[in-house]
$ cat query00.cif   # mmCIF, C-alpha atoms
data_work
#
loop_
_atom_site.label_atom_id
_atom_site.label_comp_id
_atom_site.auth_asym_id
_atom_site.auth_seq_id
_atom_site.Cartn_x
_atom_site.Cartn_y
_atom_site.Cartn_z
CA MET A 1 0.00 0.00 0.00
CA SER A 2 1.49 3.33 -1.02
CA SER A 3 1.98 6.22 1.39
CA SER A 4 3.13 9.80 1.10
CA THR A 5 5.22 12.00 3.36
CA VAL A 6 5.98 15.70 3.22
CA ILE A 7 9.14 17.11 4.74
CA THR A 8 8.29 20.74 5.33
CA ASN A 9 9.74 23.86 6.93
CA ILE A 10 13.06 23.35 5.10
CA ALA A 11 15.16 26.52 5.30
CA ALA A 12 17.16 25.70 2.16
CA LEU A 13 16.50 22.80 -0.21
CA VAL A 14 19.17 21.76 -2.71
CA THR A 15 17.40 20.19 -5.69
CA ASN A 16 20.18 20.33 -8.32
CA ASP A 17 17.47 21.41 -10.79
CA PRO A 18 18.41 24.85 -12.15
CA SER A 19 14.83 25.43 -13.29
CA LEU A 20 13.80 25.70 -9.64
CA GLY A 21 14.33 28.18 -6.85
CA ASP A 22 17.24 30.55 -7.39
CA HIS A 23 17.93 29.02 -10.86
CA SER A 24 21.53 28.28 -9.90
CA PRO A 25 23.04 24.84 -10.60
CA LEU A 26 21.87 23.87 -7.10
CA GLY A 27 18.28 24.91 -7.80
CA LEU A 28 18.13 26.22 -4.24
CA VAL A 29 14.58 26.64 -2.89
CA ARG A 30 14.02 28.65 0.31
CA ASP A 31 11.29 27.83 2.84
CA ALA A 32 10.76 24.59 0.96
CA ALA A 33 9.10 21.20 1.15
CA VAL A 34 9.62 17.78 -0.44
CA VAL A 35 6.89 15.18 -0.96
CA ILE A 36 7.87 11.51 -0.99
CA GLU A 37 5.62 8.81 -2.41
CA ASP A 38 6.94 5.32 -1.74
CA GLU A 39 10.59 5.40 -2.84
CA ARG A 40 10.45 8.41 -5.17
CA VAL A 41 10.25 12.17 -4.96
CA ALA A 42 6.77 13.27 -6.00
CA TRP A 43 6.97 17.05 -5.57
CA THR A 44 9.35 19.83 -4.51
CA GLY A 45 8.63 23.51 -4.00
CA GLU A 46 7.71 26.16 -1.46
CA SER A 47 6.27 24.88 1.82
CA SER A 48 3.13 26.98 1.46
CA LYS A 49 2.26 25.17 -1.77
CA ALA A 50 2.89 21.60 -0.64
CA PRO A 51 0.04 19.14 -1.35
CA ALA A 52 -1.66 17.13 1.38
CA THR A 53 0.07 13.87 2.39
CA ASP A 54 -0.40 10.96 4.78
CA ASN A 55 2.57 11.89 6.96
CA ARG A 56 4.43 15.08 7.86
CA VAL A 57 8.00 15.69 9.02
CA ASP A 58 9.03 19.12 10.28
CA ALA A 59 12.59 20.01 9.22
CA GLU A 60 12.54 22.81 11.81
CA GLY A 61 14.30 25.33 9.63
CA ARG A 62 17.18 23.09 8.61
CA ALA A 63 18.70 22.37 5.21
CA VAL A 64 17.97 19.35 3.01
CA LEU A 65 20.07 18.17 0.08
CA PRO A 66 20.25 15.03 -2.07
CA GLY A 67 22.01 12.09 -0.48
CA PHE A 68 25.67 12.06 -1.39
CA VAL A 69 26.73 9.88 -4.33
CA ASP A 70 30.09 8.29 -3.52
CA SER A 71 31.19 7.14 -6.96
CA HIS A 72 34.68 5.83 -6.06
CA SER A 73 35.50 3.57 -3.13
CA HIS A 74 37.41 0.39 -2.33
CA LEU A 75 35.44 -1.28 0.48
CA LEU A 76 36.16 -4.97 -0.16
CA PHE A 77 39.28 -5.59 1.90
CA ALA A 78 40.59 -7.02 5.15
CA GLY A 79 43.03 -5.54 7.65
CA ASP A 80 44.31 -1.98 7.70
CA ARG A 81 47.61 -0.19 7.10
CA THR A 82 47.98 1.76 10.34
CA GLU A 83 51.73 1.21 10.54
CA GLU A 84 52.24 2.46 7.00
CA PHE A 85 50.19 5.60 7.67
CA ASN A 86 51.91 6.27 10.98
CA ALA A 87 55.34 5.98 9.37
CA ARG A 88 54.37 8.26 6.48
CA MET A 89 52.97 10.93 8.79
CA SER A 90 55.99 10.62 11.09
CA GLY A 91 58.53 11.01 8.31
CA ARG A 92 59.92 7.53 8.80
CA PRO A 93 60.78 5.13 5.97
CA TYR A 94 58.43 2.18 5.63
CA SER A 95 59.08 -0.76 3.37
CA ALA A 96 55.94 -2.85 3.77
CA GLY A 97 54.07 -3.81 0.64
CA GLY A 98 51.36 -1.17 0.35
CA ILE A 99 48.53 -2.61 -1.74
CA ARG A 100 50.21 -6.01 -1.55
CA THR A 101 49.78 -5.97 2.25
CA THR A 102 46.03 -5.56 1.80
CA VAL A 103 45.99 -8.21 -0.92
CA ALA A 104 47.52 -10.74 1.46
CA ALA A 105 45.04 -9.91 4.23
CA THR A 106 42.07 -9.98 1.86
CA ARG A 107 42.99 -13.32 0.36
CA ALA A 108 43.23 -14.77 3.89
CA ALA A 109 39.83 -13.41 4.96
CA SER A 110 36.60 -15.37 4.78
CA ASP A 111 33.61 -14.24 2.74
CA ALA A 112 31.82 -13.44 6.01
CA GLU A 113 34.69 -11.25 7.18
CA LEU A 114 34.74 -9.33 3.89
CA GLU A 115 30.98 -8.84 3.99
CA ALA A 116 31.10 -7.66 7.60
CA GLY A 117 33.70 -5.07 6.69
CA LEU A 118 31.76 -3.90 3.66
CA THR A 119 28.49 -3.50 5.54
CA ARG A 120 30.28 -1.69 8.38
CA TYR A 121 31.75 0.91 6.03
CA LEU A 122 28.50 1.29 4.09
CA ALA A 123 26.61 1.91 7.34
CA GLU A 124 29.29 4.38 8.43
CA ALA A 125 28.91 6.27 5.15
CA LEU A 126 25.12 6.24 5.37
CA ARG A 127 25.25 7.91 8.77
CA GLN A 128 27.22 10.70 7.10
CA GLY A 129 24.66 11.23 4.35
CA THR A 130 25.82 8.91 1.56
CA THR A 131 22.93 7.10 -0.10
CA THR A 132 24.51 5.81 -3.33
CA PHE A 133 27.70 3.78 -3.19
CA GLU A 134 30.15 2.47 -5.77
CA THR A 135 32.72 -0.06 -4.66
CA LYS A 136 35.46 -2.00 -6.40
CA SER A 137 37.29 -5.26 -6.18
CA GLY A 138 41.06 -5.06 -6.55
CA TYR A 139 42.51 -6.58 -3.39
CA GLY A 140 42.22 -10.22 -4.45
CA LEU A 141 44.04 -10.29 -7.80
CA THR A 142 43.19 -13.94 -8.43
CA THR A 143 40.16 -15.13 -10.36
CA ALA A 144 38.61 -16.68 -7.25
CA ASP A 145 39.27 -13.73 -4.95
CA GLU A 146 38.17 -11.03 -7.39
CA SER A 147 34.94 -12.83 -8.28
CA ARG A 148 34.03 -13.51 -4.66
CA ALA A 149 34.61 -9.84 -3.77
CA LEU A 150 32.25 -8.78 -6.54
CA ARG A 151 29.61 -11.31 -5.49
CA VAL A 152 29.72 -9.89 -1.96
CA ALA A 153 29.57 -6.30 -3.22
CA ALA A 154 26.64 -7.00 -5.54
CA ARG A 155 24.52 -8.04 -2.55
CA HIS A 156 24.75 -4.51 -1.18
CA THR A 157 25.06 -2.05 -4.08
CA ASP A 158 24.13 -1.80 -7.74
CA GLU A 159 27.37 0.06 -8.49
CA VAL A 160 30.01 -2.67 -8.57
CA THR A 161 33.34 -2.28 -10.36
CA PHE A 162 35.78 -4.99 -11.45
CA LEU A 163 39.30 -3.73 -10.65
CA GLY A 164 41.40 -6.81 -11.23
CA ALA A 165 43.86 -4.37 -12.82
CA HIS A 166 44.69 -2.58 -9.56
CA ILE A 167 48.30 -3.73 -9.61
CA VAL A 168 49.99 -6.78 -11.10
CA ALA A 169 49.43 -9.72 -8.78
CA PRO A 170 52.53 -10.41 -6.68
CA GLU A 171 53.01 -13.92 -8.06
CA LEU A 172 53.18 -12.51 -11.61
CA ALA A 173 55.20 -9.40 -10.81
CA ASP A 174 57.94 -10.54 -13.23
CA ASP A 175 55.46 -11.24 -16.04
CA PRO A 176 52.93 -8.39 -16.27
CA ALA A 177 51.85 -9.49 -19.77
CA ALA A 178 50.69 -12.81 -18.33
CA TYR A 179 48.70 -10.95 -15.69
CA VAL A 180 47.02 -8.75 -18.31
CA ASP A 181 46.11 -11.94 -20.17
CA LEU A 182 44.57 -13.31 -16.97
CA VAL A 183 42.61 -10.13 -16.26
CA THR A 184 41.26 -9.94 -19.82
CA GLY A 185 40.53 -13.66 -20.03
CA GLU A 186 39.65 -16.08 -17.27
CA MET A 187 39.29 -13.43 -14.55
CA LEU A 188 37.04 -11.23 -16.67
CA ASP A 189 34.87 -14.20 -17.57
CA ALA A 190 34.34 -14.96 -13.89
CA CYS A 191 33.82 -11.36 -12.78
CA ALA A 192 31.74 -9.76 -15.54
CA PRO A 193 28.41 -11.26 -14.42
CA HIS A 194 28.72 -9.56 -11.03
CA ALA A 195 29.81 -6.04 -12.05
CA ARG A 196 28.55 -3.02 -13.98
CA TRP A 197 31.94 -1.32 -14.48
CA ILE A 198 35.56 -2.14 -15.28
CA ASP A 199 38.44 -0.04 -13.93
CA VAL A 200 42.22 0.01 -14.25
CA PHE A 201 45.00 1.83 -12.40
CA CYS A 202 46.83 3.50 -15.28
CA GLU A 203 50.04 4.72 -13.69
CA GLN A 204 53.78 4.12 -13.53
CA GLY A 205 54.26 0.97 -11.47
CA ALA A 206 50.79 -0.33 -12.33
CA PHE A 207 49.53 -0.49 -15.95
CA ASP A 208 50.66 1.57 -18.92
CA GLY A 209 48.40 3.05 -21.58
CA ASP A 210 48.48 0.06 -23.91
CA GLN A 211 47.78 -2.40 -21.12
CA ALA A 212 44.97 -0.20 -19.78
CA ARG A 213 43.40 0.08 -23.24
CA ALA A 214 43.49 -3.71 -23.67
CA ILE A 215 41.88 -4.28 -20.26
CA LEU A 216 39.13 -1.69 -20.67
CA THR A 217 38.38 -2.75 -24.23
CA ALA A 218 38.08 -6.38 -23.17
CA GLY A 219 35.72 -5.38 -20.39
CA ARG A 220 33.60 -3.38 -22.79
CA THR A 221 33.17 -6.42 -25.04
CA ARG A 222 31.74 -8.21 -22.00
CA GLY A 223 29.23 -5.42 -21.32
CA LEU A 224 31.17 -3.58 -18.62
CA HIS A 225 31.52 0.19 -18.97
CA PRO A 226 34.97 1.76 -18.47
CA ARG A 227 36.19 4.01 -15.70
CA ILE A 228 39.85 4.62 -14.94
CA HIS A 229 42.31 5.67 -12.23
CA ALA A 230 44.09 8.39 -14.21
CA ASN A 231 46.92 10.87 -13.72
CA GLN A 232 47.12 10.51 -9.94
CA LEU A 233 50.84 10.30 -9.31
CA SER A 234 52.26 11.64 -12.56
CA TYR A 235 51.39 12.90 -16.02
CA GLY A 236 50.33 10.02 -18.24
CA PRO A 237 47.90 8.68 -20.83
CA GLY A 238 45.02 7.87 -18.49
CA VAL A 239 42.80 10.90 -19.08
CA GLN A 240 43.18 10.79 -22.86
CA LEU A 241 42.41 7.07 -22.83
CA ALA A 242 39.33 7.68 -20.69
CA VAL A 243 37.97 10.20 -23.18
CA GLU A 244 38.86 7.98 -26.16
CA LEU A 245 36.89 5.08 -24.68
CA ASP A 246 34.00 7.25 -23.41
CA ALA A 247 34.75 6.21 -19.84
CA ALA A 248 32.14 7.42 -17.39
CA SER A 249 34.85 8.82 -15.14
CA ALA A 250 38.56 9.57 -14.98
CA ASP A 251 39.44 9.45 -11.29
CA HIS A 252 42.11 11.44 -9.39
CA CYS A 253 43.12 13.82 -12.25
CA THR A 254 45.90 15.48 -10.25
CA HIS A 255 48.55 15.88 -12.97
CA LEU A 256 46.85 17.29 -16.06
CA THR A 257 48.15 18.97 -19.20
CA ASP A 258 46.10 21.64 -20.95
CA ALA A 259 45.22 18.98 -23.53
CA ASP A 260 43.92 16.70 -20.77
CA VAL A 261 41.73 19.47 -19.38
CA ASP A 262 40.41 20.31 -22.84
CA ALA A 263 39.66 16.65 -23.55
CA LEU A 264 37.63 16.32 -20.34
CA ALA A 265 35.79 19.57 -20.99
CA ASN A 266 34.74 18.41 -24.44
CA SER A 267 33.59 14.91 -23.46
CA ARG A 268 31.03 13.08 -21.32
CA THR A 269 33.81 11.77 -19.08
CA VAL A 270 33.57 13.15 -15.55
CA ALA A 271 36.71 14.22 -13.65
CA THR A 272 36.28 12.59 -10.24
CA LEU A 273 38.47 14.23 -7.61
CA LEU A 274 39.42 12.37 -4.45
CA PRO A 275 40.85 14.83 -1.91
CA GLY A 276 41.01 12.25 0.88
CA ALA A 277 43.93 10.66 -0.96
CA GLU A 278 45.91 13.90 -1.11
CA PHE A 279 45.10 14.64 2.53
CA SER A 280 46.29 11.21 3.66
CA THR A 281 49.48 11.21 1.58
CA ARG A 282 50.40 14.92 1.71
CA ALA A 283 50.39 14.94 -2.07
CA GLN A 284 49.65 17.75 -4.50
CA TRP A 285 45.97 18.77 -4.55
CA PRO A 286 43.98 18.43 -7.79
CA ASP A 287 43.10 21.80 -9.31
CA ALA A 288 39.31 21.71 -9.36
CA ARG A 289 39.11 25.39 -10.28
CA ARG A 290 41.02 24.79 -13.51
CA LEU A 291 38.70 21.96 -14.52
CA ILE A 292 35.47 23.77 -13.65
CA ASP A 293 36.54 26.98 -15.39
CA ALA A 294 37.33 24.93 -18.53
CA GLY A 295 33.82 23.45 -18.50
CA ALA A 296 34.61 19.93 -17.30
CA THR A 297 32.10 18.07 -15.13
CA VAL A 298 33.61 17.41 -11.70
CA ALA A 299 32.62 14.85 -9.09
CA LEU A 300 33.86 14.51 -5.51
CA SER A 301 34.26 11.13 -3.87
CA THR A 302 35.99 9.58 -0.88
CA ASP A 303 38.28 6.94 -2.45
CA CYS A 304 37.71 5.09 0.82
CA ASN A 305 40.48 2.49 1.03
CA PRO A 306 42.84 1.23 3.75
CA GLY A 307 46.03 2.65 2.27
CA SER A 308 45.71 6.17 0.98
CA SER A 309 42.28 7.51 1.97
CA PHE A 310 40.69 5.68 4.88
CA THR A 311 37.66 7.93 5.17
CA SER A 312 34.02 7.28 4.33
CA SER A 313 33.03 10.91 4.93
CA VAL A 314 31.85 12.89 1.93
CA PRO A 315 31.32 15.99 4.14
CA PHE A 316 35.02 15.85 5.00
CA CYS A 317 35.90 15.70 1.31
CA VAL A 318 33.59 18.64 0.60
CA ALA A 319 35.43 20.69 3.21
CA LEU A 320 38.83 19.73 1.74
CA ALA A 321 37.70 20.61 -1.77
CA VAL A 322 36.59 24.07 -0.67
CA ARG A 323 39.66 24.73 1.46
CA ASP A 324 42.38 23.32 -0.78
CA MET A 325 41.09 22.70 -4.32
CA GLY A 326 39.56 26.04 -5.26
CA MET A 327 35.90 24.98 -5.20
CA THR A 328 33.08 27.11 -3.87
CA PRO A 329 30.78 25.50 -1.28
CA ASP A 330 28.02 25.33 -3.91
CA GLU A 331 30.31 23.63 -6.44
CA ALA A 332 31.56 21.10 -3.90
CA VAL A 333 28.04 20.12 -2.82
CA TRP A 334 26.93 19.80 -6.46
CA SER A 335 29.98 17.65 -7.26
CA ALA A 336 29.31 15.36 -4.27
CA THR A 337 25.69 14.81 -5.36
CA ALA A 338 24.83 15.49 -9.02
CA GLY A 339 28.49 15.18 -10.03
CA GLY A 340 28.78 11.74 -8.47
CA ALA A 341 25.58 10.73 -10.22
CA ALA A 342 27.04 11.87 -13.56
CA ALA A 343 30.16 9.79 -12.85
CA LEU A 344 27.86 6.77 -12.55
CA ARG A 345 25.73 7.82 -15.55
CA ARG A 346 22.71 8.03 -13.25
CA GLU A 347 19.83 10.53 -13.39
CA ASP A 348 17.68 8.95 -10.66
CA VAL A 349 20.03 9.94 -7.82
CA GLY A 350 21.91 13.11 -6.89
CA ARG A 351 18.84 15.31 -7.50
CA LEU A 352 15.60 16.01 -5.67
CA VAL A 353 13.13 16.24 -8.52
CA PRO A 354 9.93 14.31 -9.25
CA GLY A 355 10.75 10.77 -10.32
CA ALA A 356 14.18 10.62 -8.70
CA TYR A 357 14.79 8.30 -5.77
CA ALA A 358 13.85 9.89 -2.45
CA ASP A 359 17.42 9.93 -1.18
CA LEU A 360 17.72 12.93 1.14
CA THR A 361 20.10 14.23 3.78
CA LEU A 362 18.82 16.54 6.53
CA LEU A 363 21.50 18.76 8.04
CA ASP A 364 21.53 20.13 11.57
CA ALA A 365 22.24 23.50 9.97
CA PRO A 366 20.28 26.12 8.02
CA SER A 367 22.41 25.86 4.88
CA HIS A 368 24.45 23.36 2.87
CA VAL A 369 27.37 25.80 3.17
CA HIS A 370 27.85 24.57 6.75
CA LEU A 371 29.38 21.36 5.35
CA ALA A 372 32.50 23.40 4.51
CA TYR A 373 31.96 26.12 7.11
CA ARG A 374 31.93 23.66 10.05
CA PRO A 375 34.42 20.95 9.03
CA GLY A 376 34.59 17.85 11.15
CA VAL A 377 31.25 18.53 12.87
CA PRO A 378 28.63 15.73 12.62
CA LEU A 379 25.97 17.80 10.87
CA VAL A 380 23.85 14.99 9.40
CA ALA A 381 20.60 14.88 11.39
CA GLY A 382 18.61 12.54 9.16
CA VAL A 383 18.96 10.37 6.07
CA TRP A 384 16.24 8.92 3.83
CA ARG A 385 17.16 6.28 1.29
CA ARG A 386 14.56 5.33 -1.31
CA GLY A 387 11.90 7.00 0.78
CA VAL A 388 12.72 5.22 4.05
CA ARG A 389 14.32 7.08 6.93
CA LYS A 390 17.58 5.29 7.82
CA VAL A 391 19.14 7.79 10.24
#
$ encode --input "query00.cif" --output "structure tokens"
Amino acid sequence: MSSSTVITNIAALVTNDPSLGDHSPLGLVRDAAVVIEDERVAWTGESSKAPATDNRVDAEGRAVLPGFVDSHSHLLFAGDRTEEFNARMSGRPYSAGGIRTTVAATRAASDAELEAGLTRYLAEALRQGTTTFETKSGYGLTTADESRALRVAARHTDEVTFLGAHIVAPELADDPAAYVDLVTGEMLDACAPHARWIDVFCEQGAFDGDQARAILTAGRTRGLHPRIHANQLSYGPGVQLAVELDAASADHCTHLTDADVDALANSRTVATLLPGAEFSTRAQWPDARRLIDAGATVALSTDCNPGSSFTSSVPFCVALAVRDMGMTPDEAVWSATAGGAAALRREDVGRLVPGAYADLTLLDAPSHVHLAYRPGVPLVAGVWRRGVRKV
């Protein structure tokens, strides 16, 4: 039996529909209301014009925005890398294996342990306002371990990415061509039924442009759409390859030439920026201002992973983007909602318009600007996912 709920007395409602409210990209409506019918948004507008509903929630003069869309995370893993992080932040050398350390722990973990970790981090993110999640494999690097990670992930999110090409598996470190053959052959066959996307880490020390093209092209023949870790640690071919293959997203985008920026600005490929990684590694910040001014579509995501960005907090990433990447508070909020949706080629999330999923975040603040204005403060007072209040 269907039911309807109005959330009223909203001080500032972010719709991401520029035809509404102040006609900005955020489509900001003051003194607003949202009507939810079952799992969808049925109506948005001024509180005084809201239709009658079965139920009523008083926002008490607080802000409401779309649930965050975290379009890049690595949540299928075991263990952590505390010692590595502590050494890096203390200026001490550390020679442990980085990703390989997590690969060893993940391979040794049971399915139940991996699922418990995944659901823990998803719940943690939900409490901070994230309602759409993408997560990747990439810490198994064998056919059996990659496919089981994706099977676990697919039980909890529609946005599942096959990242067998994270690094070359340790046992094939001396024969990367053989590993590419495995990823594009037997491993892909086992993993494709459980994923929507295929990803590759295109970087020195991981996979070069030719290898990345072969991997993404093979995935596309199996019905997986490309996305790519591009230009994180150095200048390279990743962004150009992403645009060539119509990848949904080129992720990191820290080291960009003018040609890279132009390519992104003149394509459907979203530049997904991951400031948690730069924060946690003291690396150079991506230049969001340069991308936005050129006309590129920008998303913000957490890159939640145990090595270089162990945060599930999109609000934290919004604050970093405003403080250190040249974004305005409005731009950062758009990129963490509608931008993330664009990076997943989704129109049913990241916006509060009729027909979209009723994924909403209620802030204990009168404006979305408080996400950057009050960094580190737990401002999320309520979360609805598909019309059901979760927080």
$ residues_around --input "query00.cif" --residues "Asp54 in chain A" --least-positions-apart "5" --cutoff "10 Å" --atoms "all atoms listed in the file" --output "list in words"
Ser2, Ser3, Ser4, Thr5, Val6 and Glu37 of chain A
$ closest_atom_pairs --input "query00.cif" --of "range 270-376 of chain A" --to "range 84-106 of chain A" --cutoff "8 Å" --atoms "only C-alpha atoms" --output "Markdown table"
| residue | atom | partner | partner_atom | distance |
| --- | --- | --- | --- | --- |
| A:Ser280 | CA | A:Phe85 | CA | 7.9 |
| A:Thr281 | CA | A:Arg88 | CA | 7.5 |
| A:Pro306 | CA | A:Thr102 | CA | 7.8 |
| A:Gly307 | CA | A:Gly98 | CA | 6.8 |
$ atom_distance --input "query00.cif" --atom1 "CA of Ala206 in chain A" --atom2 "CA of Ala341 in chain A"
27.6 Å
$ residues_around --input "query00.cif" --residues "Arg222 in chain A" --least-positions-apart "2" --cutoff "10 Å" --atoms "all atoms listed in the file" --output "ChimeraX atom specification"
/A:184,188-189,191-193,198,216-220,224-225
$ resolve_selection --input "query00.cif" --expression "the PyMOL selection byres ((chain A and resi 110) around 12)" --output "number ranges by chain"
A: 76-78, 105-109, 111-117, 140, 145, 148-149, 152
$ closest_residue --input "query00.cif" --among "A:Phe162, A:Phe68, A:Phe310, A:Tyr139" --to "Trp384 in chain A" --atoms "all atoms listed in the file"
A:Phe68
$ closest_residue --input "query00.cif" --among "A:Gly67, A:Glu83, A:Asp22, A:Ala271" --to "Arg127 in chain A" --atoms "only C-alpha atoms"
A:Gly67
$ resolve_selection --input "query00.cif" --expression "the PyMOL selection byres ((chain A and resi 330) around 9)" --output "count of residues only"
12
$ atom_distance --input "query00.cif" --atom1 "CA of Thr131 in chain A" --atom2 "CA of His229 in chain A"
22.9 Å
$ resolve_selection --input "query00.cif" --expression "the PyMOL selection byres ((chain A and resi 252) around 10)" --output "list in words"
His72, Ile228, His229, Ala230, Asn231, Gln232, Leu233, Val239, Ser249, Ala250, Asp251, Cys253, Thr254, His255, Ala271, Thr272, Leu273, Leu274, Pro275, Ala277, Glu278, Trp285, Pro286, Leu300, Ser301 and Asp303 of chain A
$ residues_around --input "query00.cif" --residues "Ala372 in chain A" --least-positions-apart "4" --cutoff "7 Å" --atoms "only C-alpha atoms" --output "PyMOL selection string"
chain A and resi 318-319+322+329
$ write_last_selection --input "query00.cif" --atoms "C-alpha atoms" --output "PDB file, keeping the file's coordinate frame"
ATOM      1  CA  VAL A 318      33.590  18.640   0.600  1.00  0.00           C
ATOM      2  CA  ALA A 319      35.430  20.690   3.210  1.00  0.00           C
ATOM      3  CA  VAL A 322      36.590  24.070  -0.670  1.00  0.00           C
ATOM      4  CA  PRO A 329      30.780  25.500  -1.280  1.00  0.00           C
TER       5      PRO A 329
END
$ closest_residue --input "query00.cif" --among "A:Met1, A:Val377, A:Leu13, A:Leu75" --to "Leu362 in chain A" --atoms "only C-alpha atoms"
A:Leu13
$ closest_residue --input "query00.cif" --among "A:Ala299, A:Val270, A:Val64, A:Ile36" --to "Thr15 in chain A" --atoms "only C-alpha atoms"
A:Val64
$ closest_residue --input "query00.cif" --among "A:Ala144, A:Ala248, A:Val160, A:Met325" --to "Thr297 in chain A" --atoms "all atoms listed in the file"
A:Ala248
$ decode --input "query00.cif" --residues "range 101-117 of chain A" --atoms "N, CA and C atoms" --output "compact mmCIF listing (two decimals), in the first residue's frame"
# COMPACT_ATOMS: atom_id res chain seq x y z
N THR A 101 50.12 -5.61 0.87
CA THR A 101 49.78 -5.97 2.25
C THR A 101 48.29 -6.24 2.36
N THR A 102 47.48 -5.37 1.76
CA THR A 102 46.03 -5.56 1.80
C THR A 102 45.61 -6.77 0.99
N VAL A 103 46.30 -7.03 -0.12
CA VAL A 103 45.99 -8.21 -0.92
C VAL A 103 46.18 -9.48 -0.08
N ALA A 104 47.27 -9.55 0.64
CA ALA A 104 47.52 -10.74 1.46
C ALA A 104 46.45 -10.92 2.52
N ALA A 105 46.06 -9.82 3.19
CA ALA A 105 45.04 -9.91 4.23
C ALA A 105 43.68 -10.26 3.65
N THR A 106 43.38 -9.72 2.49
CA THR A 106 42.07 -9.98 1.86
C THR A 106 41.97 -11.42 1.39
N ARG A 107 43.02 -11.92 0.80
CA ARG A 107 42.99 -13.32 0.36
C ARG A 107 42.78 -14.26 1.54
N ALA A 108 43.33 -13.89 2.72
CA ALA A 108 43.23 -14.77 3.89
C ALA A 108 41.89 -14.66 4.60
N ALA A 109 41.10 -13.63 4.28
CA ALA A 109 39.83 -13.41 4.96
C ALA A 109 38.74 -14.31 4.39
N SER A 110 37.76 -14.61 5.23
CA SER A 110 36.60 -15.37 4.78
C SER A 110 35.61 -14.44 4.09
N ASP A 111 34.68 -15.04 3.35
CA ASP A 111 33.61 -14.24 2.74
C ASP A 111 32.85 -13.46 3.81
N ALA A 112 32.57 -14.11 4.94
CA ALA A 112 31.82 -13.44 6.01
C ALA A 112 32.59 -12.24 6.56
N GLU A 113 33.89 -12.37 6.68
CA GLU A 113 34.69 -11.25 7.18
C GLU A 113 34.68 -10.09 6.19
N LEU A 114 34.79 -10.40 4.89
CA LEU A 114 34.74 -9.33 3.89
C LEU A 114 33.38 -8.65 3.88
N GLU A 115 32.32 -9.43 4.00
CA GLU A 115 30.98 -8.84 3.99
C GLU A 115 30.75 -8.00 5.24
N ALA A 116 31.26 -8.44 6.37
CA ALA A 116 31.10 -7.66 7.60
C ALA A 116 31.81 -6.32 7.49
N GLY A 117 33.00 -6.33 6.89
CA GLY A 117 33.70 -5.07 6.69
C GLY A 117 32.96 -4.15 5.74
